[in-house]
Each structure stands twice: as C-alpha cells, then as structure tokens.
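Engineer: Below you'll find the structure I mean.
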Amino acid sequence: SNAVVFCNSVLGARTNRYGDFLDIACAIAGRAPDYGLHRPENRTARIVFDVSALPASFLGSEIAWPVLGSLYGREIGSAVGVVAGVAAHPGEDALKAFGAAAASSGAVGLFHVAGVTPEAPDLATALGGAEPEAVIRVTPQMAADAQARLSTTERPDRIDAVAIGSPHLSIAELDRLESLLAGRRLAVPLYACTGRHALATFGEDRRAALERAGVTLVADTCVVVTPILPDRTGGVLMTNSGKFAHYAPGNTGYAVLYGSL
C-alpha cells in the first residue's frame with residue numbers, strides 16, 4: 001500500500017491498489033487493466049483537506065505527517081483528495097510517511113498536495129477546475145486527537161522494543177538514526193526496516209556500527225508482516241510510523257506508543 005500511494009502521488013506514475021494475483025497476471029502479460037487511477041479523469045481531487053489552521057511549527061515537525069496521514073485516510077476513505085494550506089515542501093520522506101499512514105487507515109491510492117506533488121501545481125489544477133464535493137478543515141484539536149489515537153498502550157511508562165521504517169528508511173533517515181545514536185549503546189531493542197539498496201549505499205562499516213549499537217537492521221520486509229519481534233503479548237512497541245501504529249496491535253500483539261525518532 002505504501003508503494004502504490006507513493007508511486008501515484010509523489011512520483012506521478014500510475015497504478016492501482018491491485019490484489020496479489022492480479023499483480024502476477026499483469027507481470028506475465030505486460031499489461032494492466034485500463035481503469036481506476038490509470039485514467040486521467042479518475043485522478044482529479046474531489047475533497048479538500050485544508051491544514052492551513054495548523055501551526056507551522058507542527059507542520060514542520062517529524063510527527064506531523066504520519067499523524068495527518070492517519071487522519072486523512074479515516075476522513076477521505078478511498079476518494080482522491082488534495083491537501084491545501086501547506087506553505088513549504090515537507091520533503092519526500094514526509095510525503096512517504098503521510099501516504100503510508102493514509103493507505104493504512106483508509107483505502108487511499110492517490111493524494112495531492114497543492115503546490116507540492118506533480119499533478120497539483122495549485123489547488124484549482126488538482127480539482128480539475130471543479131468545485132470540491134467537500135472541504136475538511138483540520139483544526140489543532142483534530143490533529144491532537146489523531147496523534148493520541150496512534151498510541152494504544154495503557155502502560156506508557158515503559159517500552160519493550162522500538163520499530164521504525166514503515167515505509168522503509170531512506171538513506172537520509174538512516175543518516176539521522178546514526179547521528180541521533182551518536183555512538184551510544186541501546187538499552188531497548190530497535191528494529192530499523194529498510195531496503196537492500198539503501199543498506200548497500202549506506203555501507204558495510206556504518207551498518208556494522210549500527211548493529212554494534214544494538215540496532216537490528218531488517219531488509220526488504222517489516223516487523224508487522226514478518227515474525228521478527230519477540231513473542232510478547234502485552235508488550236509495548238514505540239514507533240514513529242503511522243503504518244506501524246495502525247497494524248502492530250493486531251499483527252504483533254504489542255500495544256503502541258507513538259512518538260518522534
């Protein structure tokens with residue numbers, strides 16, 4: 001789900017949320033059905049998700065985009081929407097996190113951010129020149145409620161593990177993890193999910209240093225779809241991922257505590 005929404009929204013490529021067997025058929029045939037988000041008329045936004053009332057300090061923070069993505073998915077569902085009121089490009093990693101959270105809490109396959117994403121140079125273009133069917137005006141209280149909803153633990157005084165990297169960590173995010181660790185040794189297990197290409201670019205020496213610090217690097221999968229976490233029903237998992245926060249309680253048995261890296 002993160003790959004589909006990133007492809008459509010951030011790259012401006014075209015795909016649908018295909019089931020696994022249709023994916024295989026498309027790969028064999030070299031063709032995809034001409035419907036859904038492959039067709040231009042289905043890519044225009046119908047709903048405006050207005051974040052202009054939120055403080056710039058919040059929109060510029062690491063926690064904002066997974067939180068807003070989870071709220072967007074619940075509010076938008078499977079519709080195509082456009083985020084309005086963003087003053088500056090939040091960065092590719094923020095858009096990646098927003099899309100993954102939105103595709104987890106809703107069935108989002110494409111979102112636009114006015115003035116940021118490829119098919120939305122402005123609000124009018126994203127809407128295809130039409131009036132929106134609805135405008136969702138996000139208040140600070142709505143954002144605070146969405147952030148609180150990502151944490152499910154009743155015991156926020158302890159954590160048993162930390163998991164990051166859903167979607168997979170980019171090189172920039174691996175760099176930041178390395179910088180924040182600053183040579184210290186972890187007291188709590190930290191699982192960092194990324195792709196093999198990112199690890200290859202990151203380098204063997206730096207990878208080894210992270211592992212010596214206590215980081216478990218997970219390549220090409222993640223802890224909510226592969227049994228990597230210790231079996232600890234009732235444990236507390238801390239994460240900065242909206243997608244992990246959504247799926248971890250049901251898939252791993254851990255309660256979630258959401259926070260910044």
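Letters A, B, ... mark the chains of the structure tokens in the order given; residue numbers begin at 1 per chain; ligand numbers begin at 1, in order shown.
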Extract, using only C-alpha atoms, all DNA, RNA and protein residues at most 8 Å from range 237-245 of chain A, discarding same-chain residues fewer than 6 positions from it, and format them as an MDAnalysis selection string.

Structural biologist: chainID A and resid 63 66:67 69:70 97:98 100:101 104 150:151 159:167 224 254:261

Engineer: Tell me which of A:Leu169, A:Leu22, A:Leu68, A:Val215 sits closest to Thr194 in chain A, counting only C-alpha atoms.

Structural biologist: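 For Thr194 in chain A, the nearest of the candidates is A:Leu169.
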
Engineer: I'd like to know which residues of range 24-131 of chain A are strand (DSSP E) (by DSSP, run on the backbone); could you write them as number ranges by chain?

Structural biologist: A: 47-50, 81-84, 111-113

Engineer: Could you save those same residues with all heavy atoms as a short mmCIF file (atom, residue, chain, number, x, y, z; two decimals), in the first residue's frame?

Structural biologist:
data_model
loop_
_atom_site.label_atom_id
_atom_site.label_comp_id
_atom_site.auth_asym_id
_atom_site.auth_seq_id
_atom_site.Cartn_x
_atom_site.Cartn_y
_atom_site.Cartn_z
N ILE A 47 -12.09 16.13 -2.86
CA ILE A 47 -12.21 16.61 -1.48
C ILE A 47 -10.97 17.42 -1.14
O ILE A 47 -9.85 17.03 -1.47
CB ILE A 47 -12.36 15.43 -0.51
CG1 ILE A 47 -13.63 14.62 -0.85
CG2 ILE A 47 -12.42 15.92 0.94
CD1 ILE A 47 -13.76 13.34 -0.07
N VAL A 48 -11.17 18.55 -0.46
CA VAL A 48 -10.06 19.38 0.00
C VAL A 48 -9.83 19.10 1.49
O VAL A 48 -10.76 19.12 2.29
CB VAL A 48 -10.35 20.88 -0.21
CG1 VAL A 48 -9.26 21.74 0.42
CG2 VAL A 48 -10.47 21.19 -1.70
N PHE A 49 -8.58 18.81 1.83
CA PHE A 49 -8.16 18.55 3.20
C PHE A 49 -7.29 19.74 3.61
O PHE A 49 -6.11 19.80 3.30
CB PHE A 49 -7.38 17.24 3.24
CG PHE A 49 -7.01 16.71 4.59
CD1 PHE A 49 -7.92 16.01 5.36
CD2 PHE A 49 -5.72 16.87 5.08
CE1 PHE A 49 -7.57 15.48 6.60
CE2 PHE A 49 -5.36 16.35 6.32
CZ PHE A 49 -6.28 15.65 7.08
N ASP A 50 -7.88 20.73 4.26
CA ASP A 50 -7.25 22.02 4.49
C ASP A 50 -6.54 22.04 5.85
O ASP A 50 -7.17 21.92 6.89
CB ASP A 50 -8.33 23.11 4.45
CG ASP A 50 -7.76 24.52 4.54
OD1 ASP A 50 -6.54 24.67 4.74
OD2 ASP A 50 -8.54 25.48 4.42
N GLY A 81 -8.17 13.08 -2.72
CA GLY A 81 -8.25 14.39 -2.09
C GLY A 81 -7.00 15.20 -2.37
O GLY A 81 -6.01 14.70 -2.90
N VAL A 82 -7.07 16.47 -1.97
CA VAL A 82 -5.92 17.35 -2.11
C VAL A 82 -5.70 18.08 -0.79
O VAL A 82 -6.64 18.60 -0.19
CB VAL A 82 -6.09 18.36 -3.26
CG1 VAL A 82 -7.38 19.16 -3.16
CG2 VAL A 82 -4.88 19.30 -3.35
N VAL A 83 -4.46 18.05 -0.31
CA VAL A 83 -4.09 18.76 0.91
C VAL A 83 -3.78 20.20 0.54
O VAL A 83 -2.94 20.47 -0.32
CB VAL A 83 -2.87 18.10 1.58
CG1 VAL A 83 -2.51 18.83 2.87
CG2 VAL A 83 -3.14 16.63 1.86
N ALA A 84 -4.47 21.13 1.18
CA ALA A 84 -4.26 22.56 0.94
C ALA A 84 -3.74 23.22 2.20
O ALA A 84 -3.95 22.72 3.31
CB ALA A 84 -5.57 23.21 0.51
N PHE A 111 -3.06 10.80 -3.40
CA PHE A 111 -3.37 12.09 -2.78
C PHE A 111 -2.59 13.17 -3.51
O PHE A 111 -1.57 12.90 -4.16
CB PHE A 111 -3.03 12.09 -1.28
CG PHE A 111 -1.54 12.00 -0.99
CD1 PHE A 111 -0.73 13.14 -0.96
CD2 PHE A 111 -0.95 10.77 -0.74
CE1 PHE A 111 0.63 13.05 -0.70
CE2 PHE A 111 0.42 10.67 -0.47
CZ PHE A 111 1.20 11.81 -0.45
N HIS A 112 -3.06 14.37 -3.42
CA HIS A 112 -2.34 15.52 -3.95
C HIS A 112 -2.02 16.48 -2.79
O HIS A 112 -2.76 16.53 -1.81
CB HIS A 112 -3.18 16.28 -4.98
CG HIS A 112 -3.63 15.46 -6.15
ND1 HIS A 112 -2.76 15.00 -7.12
CD2 HIS A 112 -4.87 14.99 -6.49
CE1 HIS A 112 -3.44 14.30 -8.02
NE2 HIS A 112 -4.71 14.28 -7.67
N VAL A 113 -0.94 17.23 -2.91
CA VAL A 113 -0.64 18.33 -2.01
C VAL A 113 -0.45 19.56 -2.89
O VAL A 113 0.47 19.59 -3.72
CB VAL A 113 0.62 18.07 -1.16
CG1 VAL A 113 0.88 19.25 -0.23
CG2 VAL A 113 0.47 16.79 -0.35
#

Engineer: Looking at only C-alpha atoms, which of A:Thr117, A:Thr221, A:Thr252, A:Gln141 is the one that sits closest to Val51 in chain A?

Structural biologist: A:Gln141

Engineer: If you count only C-alpha atoms, which residues fall within 8 Å of Gly253 in chain A, apart from same-chain ones fewer than 2 positions away, as a ChimeraX atom specification?

Structural biologist: /A:231-235,248-251,255

Engineer: Pull all heavy atoms from the residues just selected and write them as a PDB file, in the first residue's frame.

Structural biologist:
ATOM      1  N   ASP A 231       7.964 -12.773  20.758  1.00  0.00           N
ATOM      2  CA  ASP A 231       6.561 -13.005  21.094  1.00  0.00           C
ATOM      3  C   ASP A 231       6.307 -12.482  22.499  1.00  0.00           C
ATOM      4  O   ASP A 231       6.711 -13.089  23.489  1.00  0.00           O
ATOM      5  CB  ASP A 231       6.252 -14.502  21.007  1.00  0.00           C
ATOM      6  CG  ASP A 231       4.769 -14.786  21.218  1.00  0.00           C
ATOM      7  OD1 ASP A 231       3.993 -13.812  21.277  1.00  0.00           O
ATOM      8  OD2 ASP A 231       4.397 -15.962  21.317  1.00  0.00           O
ATOM      9  N   ARG A 232       5.653 -11.346  22.590  1.00  0.00           N
ATOM     10  CA  ARG A 232       5.458 -10.699  23.885  1.00  0.00           C
ATOM     11  C   ARG A 232       4.101 -10.000  23.891  1.00  0.00           C
ATOM     12  O   ARG A 232       4.001  -8.788  23.811  1.00  0.00           O
ATOM     13  CB  ARG A 232       6.582  -9.699  24.158  1.00  0.00           C
ATOM     14  CG  ARG A 232       6.615  -9.198  25.601  1.00  0.00           C
ATOM     15  CD  ARG A 232       7.847  -8.366  25.844  1.00  0.00           C
ATOM     16  NE  ARG A 232       9.077  -9.153  25.723  1.00  0.00           N
ATOM     17  CZ  ARG A 232      10.305  -8.638  25.674  1.00  0.00           C
ATOM     18  NH1 ARG A 232      10.478  -7.345  25.740  1.00  0.00           N
ATOM     19  NH2 ARG A 232      11.357  -9.427  25.551  1.00  0.00           N
ATOM     20  N   THR A 233       3.038 -10.782  23.976  1.00  0.00           N
ATOM     21  CA  THR A 233       1.702 -10.212  24.029  1.00  0.00           C
ATOM     22  C   THR A 233       1.588  -9.313  25.257  1.00  0.00           C
ATOM     23  O   THR A 233       1.964  -9.696  26.360  1.00  0.00           O
ATOM     24  CB  THR A 233       0.640 -11.331  24.091  1.00  0.00           C
ATOM     25  OG1 THR A 233       0.780 -12.150  22.936  1.00  0.00           O
ATOM     26  CG2 THR A 233      -0.757 -10.741  24.130  1.00  0.00           C
ATOM     27  N   GLY A 234       1.093  -8.108  25.028  1.00  0.00           N
ATOM     28  CA  GLY A 234       1.021  -7.139  26.112  1.00  0.00           C
ATOM     29  C   GLY A 234       2.246  -6.252  26.193  1.00  0.00           C
ATOM     30  O   GLY A 234       2.304  -5.339  27.028  1.00  0.00           O
ATOM     31  N   GLY A 235       3.250  -6.503  25.324  1.00  0.00           N
ATOM     32  CA  GLY A 235       4.418  -5.651  25.276  1.00  0.00           C
ATOM     33  C   GLY A 235       4.091  -4.299  24.669  1.00  0.00           C
ATOM     34  O   GLY A 235       3.022  -4.093  24.075  1.00  0.00           O
ATOM     35  N   ALA A 248       0.411  -2.728  14.118  1.00  0.00           N
ATOM     36  CA  ALA A 248       1.149  -3.501  15.122  1.00  0.00           C
ATOM     37  C   ALA A 248       0.260  -4.173  16.167  1.00  0.00           C
ATOM     38  O   ALA A 248       0.491  -5.346  16.492  1.00  0.00           O
ATOM     39  CB  ALA A 248       2.194  -2.616  15.805  1.00  0.00           C
ATOM     40  N   PRO A 249      -0.750  -3.506  16.732  1.00  0.00           N
ATOM     41  CA  PRO A 249      -1.541  -4.191  17.761  1.00  0.00           C
ATOM     42  C   PRO A 249      -2.182  -5.481  17.254  1.00  0.00           C
ATOM     43  O   PRO A 249      -2.138  -6.512  17.949  1.00  0.00           O
ATOM     44  CB  PRO A 249      -2.590  -3.146  18.152  1.00  0.00           C
ATOM     45  CG  PRO A 249      -1.931  -1.830  17.874  1.00  0.00           C
ATOM     46  CD  PRO A 249      -1.138  -2.072  16.619  1.00  0.00           C
ATOM     47  N   GLY A 250      -2.748  -5.466  16.066  1.00  0.00           N
ATOM     48  CA  GLY A 250      -3.399  -6.651  15.532  1.00  0.00           C
ATOM     49  C   GLY A 250      -2.427  -7.692  15.019  1.00  0.00           C
ATOM     50  O   GLY A 250      -2.681  -8.901  15.143  1.00  0.00           O
ATOM     51  N   ASN A 251      -1.301  -7.253  14.448  1.00  0.00           N
ATOM     52  CA  ASN A 251      -0.375  -8.194  13.803  1.00  0.00           C
ATOM     53  C   ASN A 251       0.705  -8.738  14.727  1.00  0.00           C
ATOM     54  O   ASN A 251       1.268  -9.801  14.453  1.00  0.00           O
ATOM     55  CB  ASN A 251       0.303  -7.520  12.599  1.00  0.00           C
ATOM     56  CG  ASN A 251      -0.645  -7.369  11.419  1.00  0.00           C
ATOM     57  OD1 ASN A 251      -1.851  -7.394  11.578  1.00  0.00           O
ATOM     58  ND2 ASN A 251      -0.082  -7.205  10.228  1.00  0.00           N
ATOM     59  N   ALA A 255       1.118  -3.412  22.147  1.00  0.00           N
ATOM     60  CA  ALA A 255       0.470  -2.101  22.151  1.00  0.00           C
ATOM     61  C   ALA A 255       1.482  -1.072  21.644  1.00  0.00           C
ATOM     62  O   ALA A 255       2.686  -1.323  21.637  1.00  0.00           O
ATOM     63  CB  ALA A 255       0.021  -1.742  23.558  1.00  0.00           C
TER      64      ALA A 255
END

Engineer: I'd like the neighbourhood of Ala198 in chain A as a list of chain:residue names, where a residue qualifies if any of its atoms comes within 7 Å (using only C-alpha atoms), though same-chain residues fewer than 4 positions away should be ignored.

Structural biologist: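 Near Ala198 in chain A, the qualifying residues are A:Ser170, A:Ile171, A:Thr194, A:Phe202.
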
Engineer: Output N, CA and C atoms for every residue in the selection just made, as a PDB file, in the first residue's frame.

Structural biologist:
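Output below, filename part30.pdb:
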ATOM      1  N   SER A 170      14.845   5.712   4.285  1.00  0.00           N
ATOM      2  CA  SER A 170      15.700   6.215   3.207  1.00  0.00           C
ATOM      3  C   SER A 170      17.120   6.379   3.732  1.00  0.00           C
ATOM      4  N   ILE A 171      18.034   6.708   2.837  1.00  0.00           N
ATOM      5  CA  ILE A 171      19.412   6.986   3.259  1.00  0.00           C
ATOM      6  C   ILE A 171      19.426   8.140   4.255  1.00  0.00           C
ATOM      7  N   THR A 194      14.427  -1.321   6.254  1.00  0.00           N
ATOM      8  CA  THR A 194      14.849  -0.559   5.084  1.00  0.00           C
ATOM      9  C   THR A 194      14.974  -1.508   3.899  1.00  0.00           C
ATOM     10  N   PHE A 202      24.452   2.753   2.129  1.00  0.00           N
ATOM     11  CA  PHE A 202      24.856   3.171   3.477  1.00  0.00           C
ATOM     12  C   PHE A 202      26.259   2.669   3.801  1.00  0.00           C
TER      13      PHE A 202
END

Engineer: Just asking: which residues within range 19-244 of chain A are alpha helix (DSSP H) according to DSSP, as a ChimeraX atom specification?

Structural biologist: /A:20-29,56-59,64-76,92-105,123-126,140-149,171-181,196-202,204-212,242-244

Engineer: Interatomic distance between CA of Ala213 in chain A and CA of Arg185 in chain A?

Structural biologist: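 Computing it gives 4.5 Å between the two atoms.
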
Engineer: With distances taken over only C-alpha atoms, which of A:Thr216, A:Thr226, A:Thr152, A:Ser61 is nearest to His246 in chain A?

Structural biologist: A:Thr152
